[in-house]
Amino acid sequence: MAKIAAVFHTFCPPVQRPLAREFEALTVHECTVYALAARLDDFTCRLPTVFGHGETSVVPKVPVWHPAGRLRRSFWRHFARAGHTLVLAPSGHEALTALPMAQFFNLPLVAFLTGADLTQLLRPDGPDPLARRYAARRQELFAGVTRFLVPCPAFFELALEAGCPRDRLALHATGIDVPPLVPPSENGRPIVLLTVPPAPVGGLEVALCAFELVRESGVQAQLWILADEAVGQALRPRLDASPVRGDLFVVRADDRQDAWERADLVLCPPVVSPGFFFDAPGHALLEAAARGKAVVATCHAGAADRVADGVTGLLVPERDVVAMADALAQLLKDGELRAEMGRAARAKMELEFALPVTAARLDRILSL
């Protein structure tokens, strides 16, 4: 059994919460989190957590922030006492932070490579100074990390292109806690739930235009948009000007659970941004499938691994408004097809992406 030290700059912002759940589900290995900051909100975590000022907490309940300058002194002291046998980092940035400790204590270092990592490694001339400094340390990263984990074959190929040694790469997609299945709601008109990709990933305007085409063709439906408050406010003029504004709704934070349960179909429209940004977190695709919902999604990043085209949902090319509208119309008109795809999606999650399955897979990778 490995005694893992997972090093985070910020622990548990929303995009990292599926990974935290997977660390909790590890059965063969013991995991302790080292974090300068925690962004938990309504999220609780059972992992023992060591913060930058030296205090520890089993279940931190409030956001905690500490200066990065204290990292070496306090974390190294904990490392020396804890007897860790492996260091794990959720991104290349955290891997570079953890590298001196891993080398000093002669520990293997395992790092997840995200789409943001690959974008920055492949664009050393990008506009962000932090990204340029990160890209400049590419050789140090590739030489110091024992194993890199990427979530899909597309990222595997991009990591090779960036210079990552093939023998240090492994595929591992983070899973999801599959909830009990809720019987579908009886809606007056089908509800399409749109998950807004986080900036800088685009795709929202494509999705809105596709839905407008669907409604103009005579297909009855509503579009419920999952967006944070800032994005909702920014969207308001666009929605008010839409010819189908009566069928467009922004879901409030308090109503998100109800929206997921009532949705008939989920739309995930991310596209690669002009800045060559590969990554749109694919957790929405997993959540839709785990809830037994058919999806329409763009062929972005690992979507093809999470969605079996024509079986659990429909994949369309990025930025193709007409193809997206056709896919939406096909599923909105055929309730039986939606239900069949939803059942297949749920089965796919149970077999391939349920937390016990992916945690066992990660256990095996970390045991090598």
# chains A, B, ... in the order shown; residues from 1 in each chain; ligands from 1

$ residues_around --residues "Pro151 of chain A" --least-positions-apart "3" --cutoff "10 Å" --atoms "only C-alpha atoms" --output "ChimeraX atom specification"
/A:112-115,154-156,170-174,282,301-302,305

$ residues_around --residues "Leu109 of chain A" --least-positions-apart "6" --cutoff "7 Å" --atoms "only C-alpha atoms" --output "PDB file with C-alpha atoms, in the first residue's frame"
ATOM      1  CA  LEU A  86       4.434   8.470  -3.433  1.00  0.00           C
ATOM      2  CA  VAL A  87       3.637  12.051  -4.421  1.00  0.00           C
ATOM      3  CA  LEU A  88       0.661  12.858  -6.639  1.00  0.00           C
ATOM      4  CA  ALA A 102       9.771  14.252  -4.269  1.00  0.00           C
ATOM      5  CA  VAL A 145       7.816  13.114 -13.131  1.00  0.00           C
ATOM      6  CA  THR A 146       7.686   9.323 -12.885  1.00  0.00           C
ATOM      7  CA  ARG A 147       4.313   8.899 -14.615  1.00  0.00           C
TER       8      ARG A 147
END

$ closest_atom_pairs --of "segment 122-228 of chain A" --to "segment 16-25 of chain A" --cutoff "8 Å" --atoms "only C-alpha atoms" --output "CSV"
residue,atom,partner,partner_atom,distance
A:Thr174,CA,A:Leu19,CA,6.3
A:Gly175,CA,A:Glu22,CA,6.9
A:Ile176,CA,A:Pro18,CA,6.4
A:Asp177,CA,A:Arg21,CA,7.9

$ write_last_selection --atoms "N, CA and C atoms" --output "compact mmCIF listing (two decimals), in the first residue's frame"
# COMPACT_ATOMS: atom_id res chain seq x y z
N THR A 174 -11.03 10.27 -14.90
CA THR A 174 -11.65 10.38 -13.59
C THR A 174 -13.12 10.01 -13.67
N GLY A 175 -13.61 9.33 -12.64
CA GLY A 175 -14.99 8.84 -12.67
C GLY A 175 -15.98 9.74 -11.98
N ILE A 176 -17.15 9.18 -11.70
CA ILE A 176 -18.25 9.95 -11.12
C ILE A 176 -19.00 9.05 -10.15
N ASP A 177 -19.53 9.67 -9.11
CA ASP A 177 -20.37 8.96 -8.16
C ASP A 177 -21.76 8.82 -8.80

$ select_by_dssp --residues "segment 182-340 of chain A" --states "helix (DSSP H, G or I)" --output "PDB file with N, CA and C atoms, in the first residue's frame"
ATOM      1  N   LEU A 204     -20.974  28.641 -26.297  1.00  0.00           N
ATOM      2  CA  LEU A 204     -22.299  29.050 -25.849  1.00  0.00           C
ATOM      3  C   LEU A 204     -23.109  29.654 -26.991  1.00  0.00           C
ATOM      4  N   GLU A 205     -22.517  30.536 -27.775  1.00  0.00           N
ATOM      5  CA  GLU A 205     -23.251  31.189 -28.859  1.00  0.00           C
ATOM      6  C   GLU A 205     -23.689  30.170 -29.907  1.00  0.00           C
ATOM      7  N   VAL A 206     -22.842  29.178 -30.179  1.00  0.00           N
ATOM      8  CA  VAL A 206     -23.204  28.124 -31.127  1.00  0.00           C
ATOM      9  C   VAL A 206     -24.445  27.391 -30.630  1.00  0.00           C
ATOM     10  N   ALA A 207     -24.478  27.081 -29.328  1.00  0.00           N
ATOM     11  CA  ALA A 207     -25.608  26.356 -28.757  1.00  0.00           C
ATOM     12  C   ALA A 207     -26.891  27.175 -28.833  1.00  0.00           C
ATOM     13  N   LEU A 208     -26.809  28.464 -28.539  1.00  0.00           N
ATOM     14  CA  LEU A 208     -28.002  29.315 -28.603  1.00  0.00           C
ATOM     15  C   LEU A 208     -28.529  29.406 -30.034  1.00  0.00           C
ATOM     16  N   CYS A 209     -27.634  29.575 -30.992  1.00  0.00           N
ATOM     17  CA  CYS A 209     -28.068  29.650 -32.392  1.00  0.00           C
ATOM     18  C   CYS A 209     -28.698  28.331 -32.842  1.00  0.00           C
ATOM     19  N   ALA A 210     -28.134  27.213 -32.409  1.00  0.00           N
ATOM     20  CA  ALA A 210     -28.687  25.914 -32.787  1.00  0.00           C
ATOM     21  C   ALA A 210     -30.082  25.736 -32.208  1.00  0.00           C
ATOM     22  N   PHE A 211     -30.282  26.143 -30.956  1.00  0.00           N
ATOM     23  CA  PHE A 211     -31.604  26.009 -30.360  1.00  0.00           C
ATOM     24  C   PHE A 211     -32.618  26.909 -31.074  1.00  0.00           C
ATOM     25  N   GLU A 212     -32.205  28.116 -31.459  1.00  0.00           N
ATOM     26  CA  GLU A 212     -33.105  29.000 -32.195  1.00  0.00           C
ATOM     27  C   GLU A 212     -33.520  28.374 -33.525  1.00  0.00           C
ATOM     28  N   LEU A 213     -32.573  27.707 -34.208  1.00  0.00           N
ATOM     29  CA  LEU A 213     -32.930  27.014 -35.457  1.00  0.00           C
ATOM     30  C   LEU A 213     -33.942  25.904 -35.200  1.00  0.00           C
ATOM     31  N   VAL A 214     -33.763  25.174 -34.115  1.00  0.00           N
ATOM     32  CA  VAL A 214     -34.689  24.096 -33.777  1.00  0.00           C
ATOM     33  C   VAL A 214     -36.094  24.646 -33.548  1.00  0.00           C
ATOM     34  N   ARG A 215     -36.187  25.713 -32.783  1.00  0.00           N
ATOM     35  CA  ARG A 215     -37.505  26.293 -32.499  1.00  0.00           C
ATOM     36  C   ARG A 215     -38.137  26.886 -33.751  1.00  0.00           C
ATOM     37  N   GLU A 216     -37.331  27.515 -34.585  1.00  0.00           N
ATOM     38  CA  GLU A 216     -37.869  28.097 -35.810  1.00  0.00           C
ATOM     39  C   GLU A 216     -38.359  27.026 -36.782  1.00  0.00           C
ATOM     40  N   GLU A 229     -23.879  33.215 -11.735  1.00  0.00           N
ATOM     41  CA  GLU A 229     -24.616  34.480 -11.734  1.00  0.00           C
ATOM     42  C   GLU A 229     -24.011  35.498 -12.689  1.00  0.00           C
ATOM     43  N   ALA A 230     -22.685  35.573 -12.719  1.00  0.00           N
ATOM     44  CA  ALA A 230     -22.031  36.560 -13.592  1.00  0.00           C
ATOM     45  C   ALA A 230     -22.324  36.275 -15.059  1.00  0.00           C
ATOM     46  N   VAL A 231     -22.223  35.011 -15.461  1.00  0.00           N
ATOM     47  CA  VAL A 231     -22.499  34.651 -16.855  1.00  0.00           C
ATOM     48  C   VAL A 231     -23.975  34.876 -17.168  1.00  0.00           C
ATOM     49  N   GLY A 232     -24.857  34.560 -16.215  1.00  0.00           N
ATOM     50  CA  GLY A 232     -26.284  34.783 -16.422  1.00  0.00           C
ATOM     51  C   GLY A 232     -26.606  36.243 -16.679  1.00  0.00           C
ATOM     52  N   GLN A 233     -25.971  37.134 -15.898  1.00  0.00           N
ATOM     53  CA  GLN A 233     -26.191  38.567 -16.102  1.00  0.00           C
ATOM     54  C   GLN A 233     -25.663  39.012 -17.462  1.00  0.00           C
ATOM     55  N   ALA A 234     -24.503  38.516 -17.833  1.00  0.00           N
ATOM     56  CA  ALA A 234     -23.934  38.894 -19.131  1.00  0.00           C
ATOM     57  C   ALA A 234     -24.782  38.372 -20.291  1.00  0.00           C
ATOM     58  N   LEU A 235     -25.460  37.252 -20.070  1.00  0.00           N
ATOM     59  CA  LEU A 235     -26.297  36.657 -21.119  1.00  0.00           C
ATOM     60  C   LEU A 235     -27.625  37.368 -21.313  1.00  0.00           C
ATOM     61  N   ARG A 236     -28.077  38.095 -20.297  1.00  0.00           N
ATOM     62  CA  ARG A 236     -29.435  38.614 -20.326  1.00  0.00           C
ATOM     63  C   ARG A 236     -29.757  39.416 -21.585  1.00  0.00           C
ATOM     64  N   PRO A 237     -28.918  40.366 -22.043  1.00  0.00           N
ATOM     65  CA  PRO A 237     -29.252  41.093 -23.282  1.00  0.00           C
ATOM     66  C   PRO A 237     -29.378  40.160 -24.491  1.00  0.00           C
ATOM     67  N   ARG A 238     -28.504  39.160 -24.578  1.00  0.00           N
ATOM     68  CA  ARG A 238     -28.574  38.213 -25.702  1.00  0.00           C
ATOM     69  C   ARG A 238     -29.873  37.413 -25.660  1.00  0.00           C
ATOM     70  N   LEU A 239     -30.289  36.977 -24.490  1.00  0.00           N
ATOM     71  CA  LEU A 239     -31.515  36.195 -24.380  1.00  0.00           C
ATOM     72  C   LEU A 239     -32.745  37.048 -24.650  1.00  0.00           C
ATOM     73  N   ASP A 240     -32.732  38.278 -24.164  1.00  0.00           N
ATOM     74  CA  ASP A 240     -33.877  39.167 -24.386  1.00  0.00           C
ATOM     75  C   ASP A 240     -34.066  39.500 -25.860  1.00  0.00           C
ATOM     76  N   ARG A 245     -37.120  34.023 -27.069  1.00  0.00           N
ATOM     77  CA  ARG A 245     -36.759  34.350 -25.686  1.00  0.00           C
ATOM     78  C   ARG A 245     -37.721  33.750 -24.667  1.00  0.00           C
ATOM     79  N   GLY A 246     -38.959  33.483 -25.056  1.00  0.00           N
ATOM     80  CA  GLY A 246     -39.909  32.891 -24.120  1.00  0.00           C
ATOM     81  C   GLY A 246     -39.578  31.463 -23.742  1.00  0.00           C
ATOM     82  N   ASP A 247     -38.663  30.842 -24.484  1.00  0.00           N
ATOM     83  CA  ASP A 247     -38.274  29.452 -24.203  1.00  0.00           C
ATOM     84  C   ASP A 247     -36.859  29.345 -23.657  1.00  0.00           C
ATOM     85  N   ALA A 253     -28.860  29.000  -8.973  1.00  0.00           N
ATOM     86  CA  ALA A 253     -28.040  28.012  -8.277  1.00  0.00           C
ATOM     87  C   ALA A 253     -28.898  27.079  -7.421  1.00  0.00           C
ATOM     88  N   ASP A 254     -29.936  27.631  -6.764  1.00  0.00           N
ATOM     89  CA  ASP A 254     -30.780  26.820  -5.882  1.00  0.00           C
ATOM     90  C   ASP A 254     -31.613  25.799  -6.656  1.00  0.00           C
ATOM     91  N   ASP A 255     -31.787  26.006  -7.958  1.00  0.00           N
ATOM     92  CA  ASP A 255     -32.670  25.135  -8.755  1.00  0.00           C
ATOM     93  C   ASP A 255     -31.916  24.131  -9.613  1.00  0.00           C
ATOM     94  N   ARG A 256     -30.617  24.040  -9.445  1.00  0.00           N
ATOM     95  CA  ARG A 256     -29.828  23.195 -10.345  1.00  0.00           C
ATOM     96  C   ARG A 256     -30.177  21.714 -10.210  1.00  0.00           C
ATOM     97  N   GLN A 257     -30.350  21.260  -8.985  1.00  0.00           N
ATOM     98  CA  GLN A 257     -30.676  19.852  -8.796  1.00  0.00           C
ATOM     99  C   GLN A 257     -31.997  19.508  -9.484  1.00  0.00           C
ATOM    100  N   ASP A 258     -32.985  20.371  -9.324  1.00  0.00           N
ATOM    101  CA  ASP A 258     -34.282  20.150  -9.967  1.00  0.00           C
ATOM    102  C   ASP A 258     -34.145  20.177 -11.486  1.00  0.00           C
ATOM    103  N   ALA A 259     -33.295  21.085 -11.994  1.00  0.00           N
ATOM    104  CA  ALA A 259     -33.103  21.183 -13.442  1.00  0.00           C
ATOM    105  C   ALA A 259     -32.493  19.899 -13.992  1.00  0.00           C
ATOM    106  N   TRP A 260     -31.511  19.346 -13.303  1.00  0.00           N
ATOM    107  CA  TRP A 260     -30.908  18.098 -13.762  1.00  0.00           C
ATOM    108  C   TRP A 260     -31.931  16.970 -13.781  1.00  0.00           C
ATOM    109  N   GLU A 261     -32.793  16.930 -12.780  1.00  0.00           N
ATOM    110  CA  GLU A 261     -33.775  15.849 -12.708  1.00  0.00           C
ATOM    111  C   GLU A 261     -34.865  15.985 -13.765  1.00  0.00           C
ATOM    112  N   ARG A 262     -35.259  17.211 -14.094  1.00  0.00           N
ATOM    113  CA  ARG A 262     -36.357  17.426 -15.030  1.00  0.00           C
ATOM    114  C   ARG A 262     -35.935  17.435 -16.488  1.00  0.00           C
ATOM    115  N   HIS A 283     -16.962  16.742 -17.030  1.00  0.00           N
ATOM    116  CA  HIS A 283     -17.773  16.162 -15.960  1.00  0.00           C
ATOM    117  C   HIS A 283     -19.264  16.272 -16.271  1.00  0.00           C
ATOM    118  N   ALA A 284     -19.682  17.306 -16.989  1.00  0.00           N
ATOM    119  CA  ALA A 284     -21.105  17.447 -17.316  1.00  0.00           C
ATOM    120  C   ALA A 284     -21.588  16.274 -18.157  1.00  0.00           C
ATOM    121  N   LEU A 285     -20.744  15.783 -19.068  1.00  0.00           N
ATOM    122  CA  LEU A 285     -21.113  14.617 -19.869  1.00  0.00           C
ATOM    123  C   LEU A 285     -21.308  13.389 -18.981  1.00  0.00           C
ATOM    124  N   LEU A 286     -20.412  13.229 -18.006  1.00  0.00           N
ATOM    125  CA  LEU A 286     -20.535  12.093 -17.094  1.00  0.00           C
ATOM    126  C   LEU A 286     -21.781  12.223 -16.225  1.00  0.00           C
ATOM    127  N   GLU A 287     -22.033  13.439 -15.743  1.00  0.00           N
ATOM    128  CA  GLU A 287     -23.199  13.632 -14.882  1.00  0.00           C
ATOM    129  C   GLU A 287     -24.496  13.372 -15.637  1.00  0.00           C
ATOM    130  N   ALA A 288     -24.567  13.850 -16.877  1.00  0.00           N
ATOM    131  CA  ALA A 288     -25.765  13.602 -17.677  1.00  0.00           C
ATOM    132  C   ALA A 288     -25.979  12.101 -17.872  1.00  0.00           C
ATOM    133  N   ALA A 289     -24.924  11.394 -18.230  1.00  0.00           N
ATOM    134  CA  ALA A 289     -25.049   9.959 -18.467  1.00  0.00           C
ATOM    135  C   ALA A 289     -25.403   9.212 -17.185  1.00  0.00           C
ATOM    136  N   ALA A 290     -24.795   9.620 -16.064  1.00  0.00           N
ATOM    137  CA  ALA A 290     -25.079   8.958 -14.792  1.00  0.00           C
ATOM    138  C   ALA A 290     -26.533   9.138 -14.383  1.00  0.00           C
ATOM    139  N   ALA A 303     -14.658  13.897 -25.374  1.00  0.00           N
ATOM    140  CA  ALA A 303     -16.093  13.625 -25.529  1.00  0.00           C
ATOM    141  C   ALA A 303     -16.340  12.268 -26.179  1.00  0.00           C
ATOM    142  N   ALA A 304     -15.519  11.897 -27.130  1.00  0.00           N
ATOM    143  CA  ALA A 304     -15.743  10.630 -27.831  1.00  0.00           C
ATOM    144  C   ALA A 304     -15.543   9.426 -26.924  1.00  0.00           C
ATOM    145  N   ASP A 305     -14.792   9.587 -25.827  1.00  0.00           N
ATOM    146  CA  ASP A 305     -14.629   8.497 -24.872  1.00  0.00           C
ATOM    147  C   ASP A 305     -15.796   8.432 -23.895  1.00  0.00           C
ATOM    148  N   ARG A 306     -16.420   9.564 -23.637  1.00  0.00           N
ATOM    149  CA  ARG A 306     -17.510   9.607 -22.669  1.00  0.00           C
ATOM    150  C   ARG A 306     -18.869   9.382 -23.323  1.00  0.00           C
ATOM    151  N   VAL A 321     -23.363  24.818 -36.350  1.00  0.00           N
ATOM    152  CA  VAL A 321     -24.685  25.148 -35.808  1.00  0.00           C
ATOM    153  C   VAL A 321     -25.760  24.247 -36.409  1.00  0.00           C
ATOM    154  N   VAL A 322     -25.685  24.023 -37.709  1.00  0.00           N
ATOM    155  CA  VAL A 322     -26.715  23.225 -38.380  1.00  0.00           C
ATOM    156  C   VAL A 322     -26.686  21.781 -37.894  1.00  0.00           C
ATOM    157  N   ALA A 323     -25.491  21.192 -37.781  1.00  0.00           N
ATOM    158  CA  ALA A 323     -25.389  19.806 -37.303  1.00  0.00           C
ATOM    159  C   ALA A 323     -25.910  19.687 -35.874  1.00  0.00           C
ATOM    160  N   MET A 324     -25.617  20.677 -35.030  1.00  0.00           N
ATOM    161  CA  MET A 324     -26.111  20.645 -33.658  1.00  0.00           C
ATOM    162  C   MET A 324     -27.628  20.772 -33.620  1.00  0.00           C
ATOM    163  N   ALA A 325     -28.172  21.653 -34.451  1.00  0.00           N
ATOM    164  CA  ALA A 325     -29.629  21.817 -34.503  1.00  0.00           C
ATOM    165  C   ALA A 325     -30.294  20.526 -34.994  1.00  0.00           C
ATOM    166  N   ASP A 326     -29.713  19.882 -36.003  1.00  0.00           N
ATOM    167  CA  ASP A 326     -30.281  18.625 -36.504  1.00  0.00           C
ATOM    168  C   ASP A 326     -30.274  17.542 -35.425  1.00  0.00           C
ATOM    169  N   ALA A 327     -29.166  17.456 -34.666  1.00  0.00           N
ATOM    170  CA  ALA A 327     -29.075  16.451 -33.606  1.00  0.00           C
ATOM    171  C   ALA A 327     -30.100  16.723 -32.506  1.00  0.00           C
ATOM    172  N   LEU A 328     -30.237  17.993 -32.124  1.00  0.00           N
ATOM    173  CA  LEU A 328     -31.239  18.351 -31.113  1.00  0.00           C
ATOM    174  C   LEU A 328     -32.642  18.010 -31.599  1.00  0.00           C
ATOM    175  N   ALA A 329     -32.950  18.371 -32.839  1.00  0.00           N
ATOM    176  CA  ALA A 329     -34.293  18.111 -33.373  1.00  0.00           C
ATOM    177  C   ALA A 329     -34.585  16.619 -33.416  1.00  0.00           C
ATOM    178  N   GLN A 330     -33.587  15.823 -33.803  1.00  0.00           N
ATOM    179  CA  GLN A 330     -33.789  14.378 -33.883  1.00  0.00           C
ATOM    180  C   GLN A 330     -34.187  13.798 -32.523  1.00  0.00           C
ATOM    181  N   LEU A 331     -33.491  14.212 -31.478  1.00  0.00           N
ATOM    182  CA  LEU A 331     -33.781  13.655 -30.161  1.00  0.00           C
ATOM    183  C   LEU A 331     -35.020  14.281 -29.526  1.00  0.00           C
ATOM    184  N   LEU A 332     -35.292  15.536 -29.828  1.00  0.00           N
ATOM    185  CA  LEU A 332     -36.493  16.168 -29.274  1.00  0.00           C
ATOM    186  C   LEU A 332     -37.767  15.563 -29.868  1.00  0.00           C
ATOM    187  N   LYS A 333     -37.697  15.127 -31.104  1.00  0.00           N
ATOM    188  CA  LYS A 333     -38.881  14.550 -31.755  1.00  0.00           C
ATOM    189  C   LYS A 333     -39.136  13.097 -31.355  1.00  0.00           C
ATOM    190  N   GLY A 335     -39.007  10.667 -28.316  1.00  0.00           N
ATOM    191  CA  GLY A 335     -38.858  10.395 -26.902  1.00  0.00           C
ATOM    192  C   GLY A 335     -38.340   9.002 -26.607  1.00  0.00           C
ATOM    193  N   GLU A 336     -38.728   8.019 -27.413  1.00  0.00           N
ATOM    194  CA  GLU A 336     -38.258   6.651 -27.189  1.00  0.00           C
ATOM    195  C   GLU A 336     -36.751   6.538 -27.427  1.00  0.00           C
ATOM    196  N   LEU A 337     -36.261   7.237 -28.457  1.00  0.00           N
ATOM    197  CA  LEU A 337     -34.828   7.223 -28.729  1.00  0.00           C
ATOM    198  C   LEU A 337     -34.063   7.885 -27.588  1.00  0.00           C
ATOM    199  N   ARG A 338     -34.585   9.013 -27.075  1.00  0.00           N
ATOM    200  CA  ARG A 338     -33.943   9.675 -25.940  1.00  0.00           C
ATOM    201  C   ARG A 338     -33.853   8.722 -24.746  1.00  0.00           C
ATOM    202  N   ALA A 339     -34.957   8.039 -24.456  1.00  0.00           N
ATOM    203  CA  ALA A 339     -34.983   7.137 -23.308  1.00  0.00           C
ATOM    204  C   ALA A 339     -34.011   5.973 -23.494  1.00  0.00           C
ATOM    205  N   GLU A 340     -33.950   5.439 -24.710  1.00  0.00           N
ATOM    206  CA  GLU A 340     -33.045   4.320 -24.986  1.00  0.00           C
ATOM    207  C   GLU A 340     -31.592   4.747 -24.825  1.00  0.00           C
TER     208      GLU A 340
END

$ closest_residue --among "A:Val251, A:Pro127, A:Ala227, A:Met341" --to "Ala199 of chain A" --atoms "only C-alpha atoms"
A:Ala227
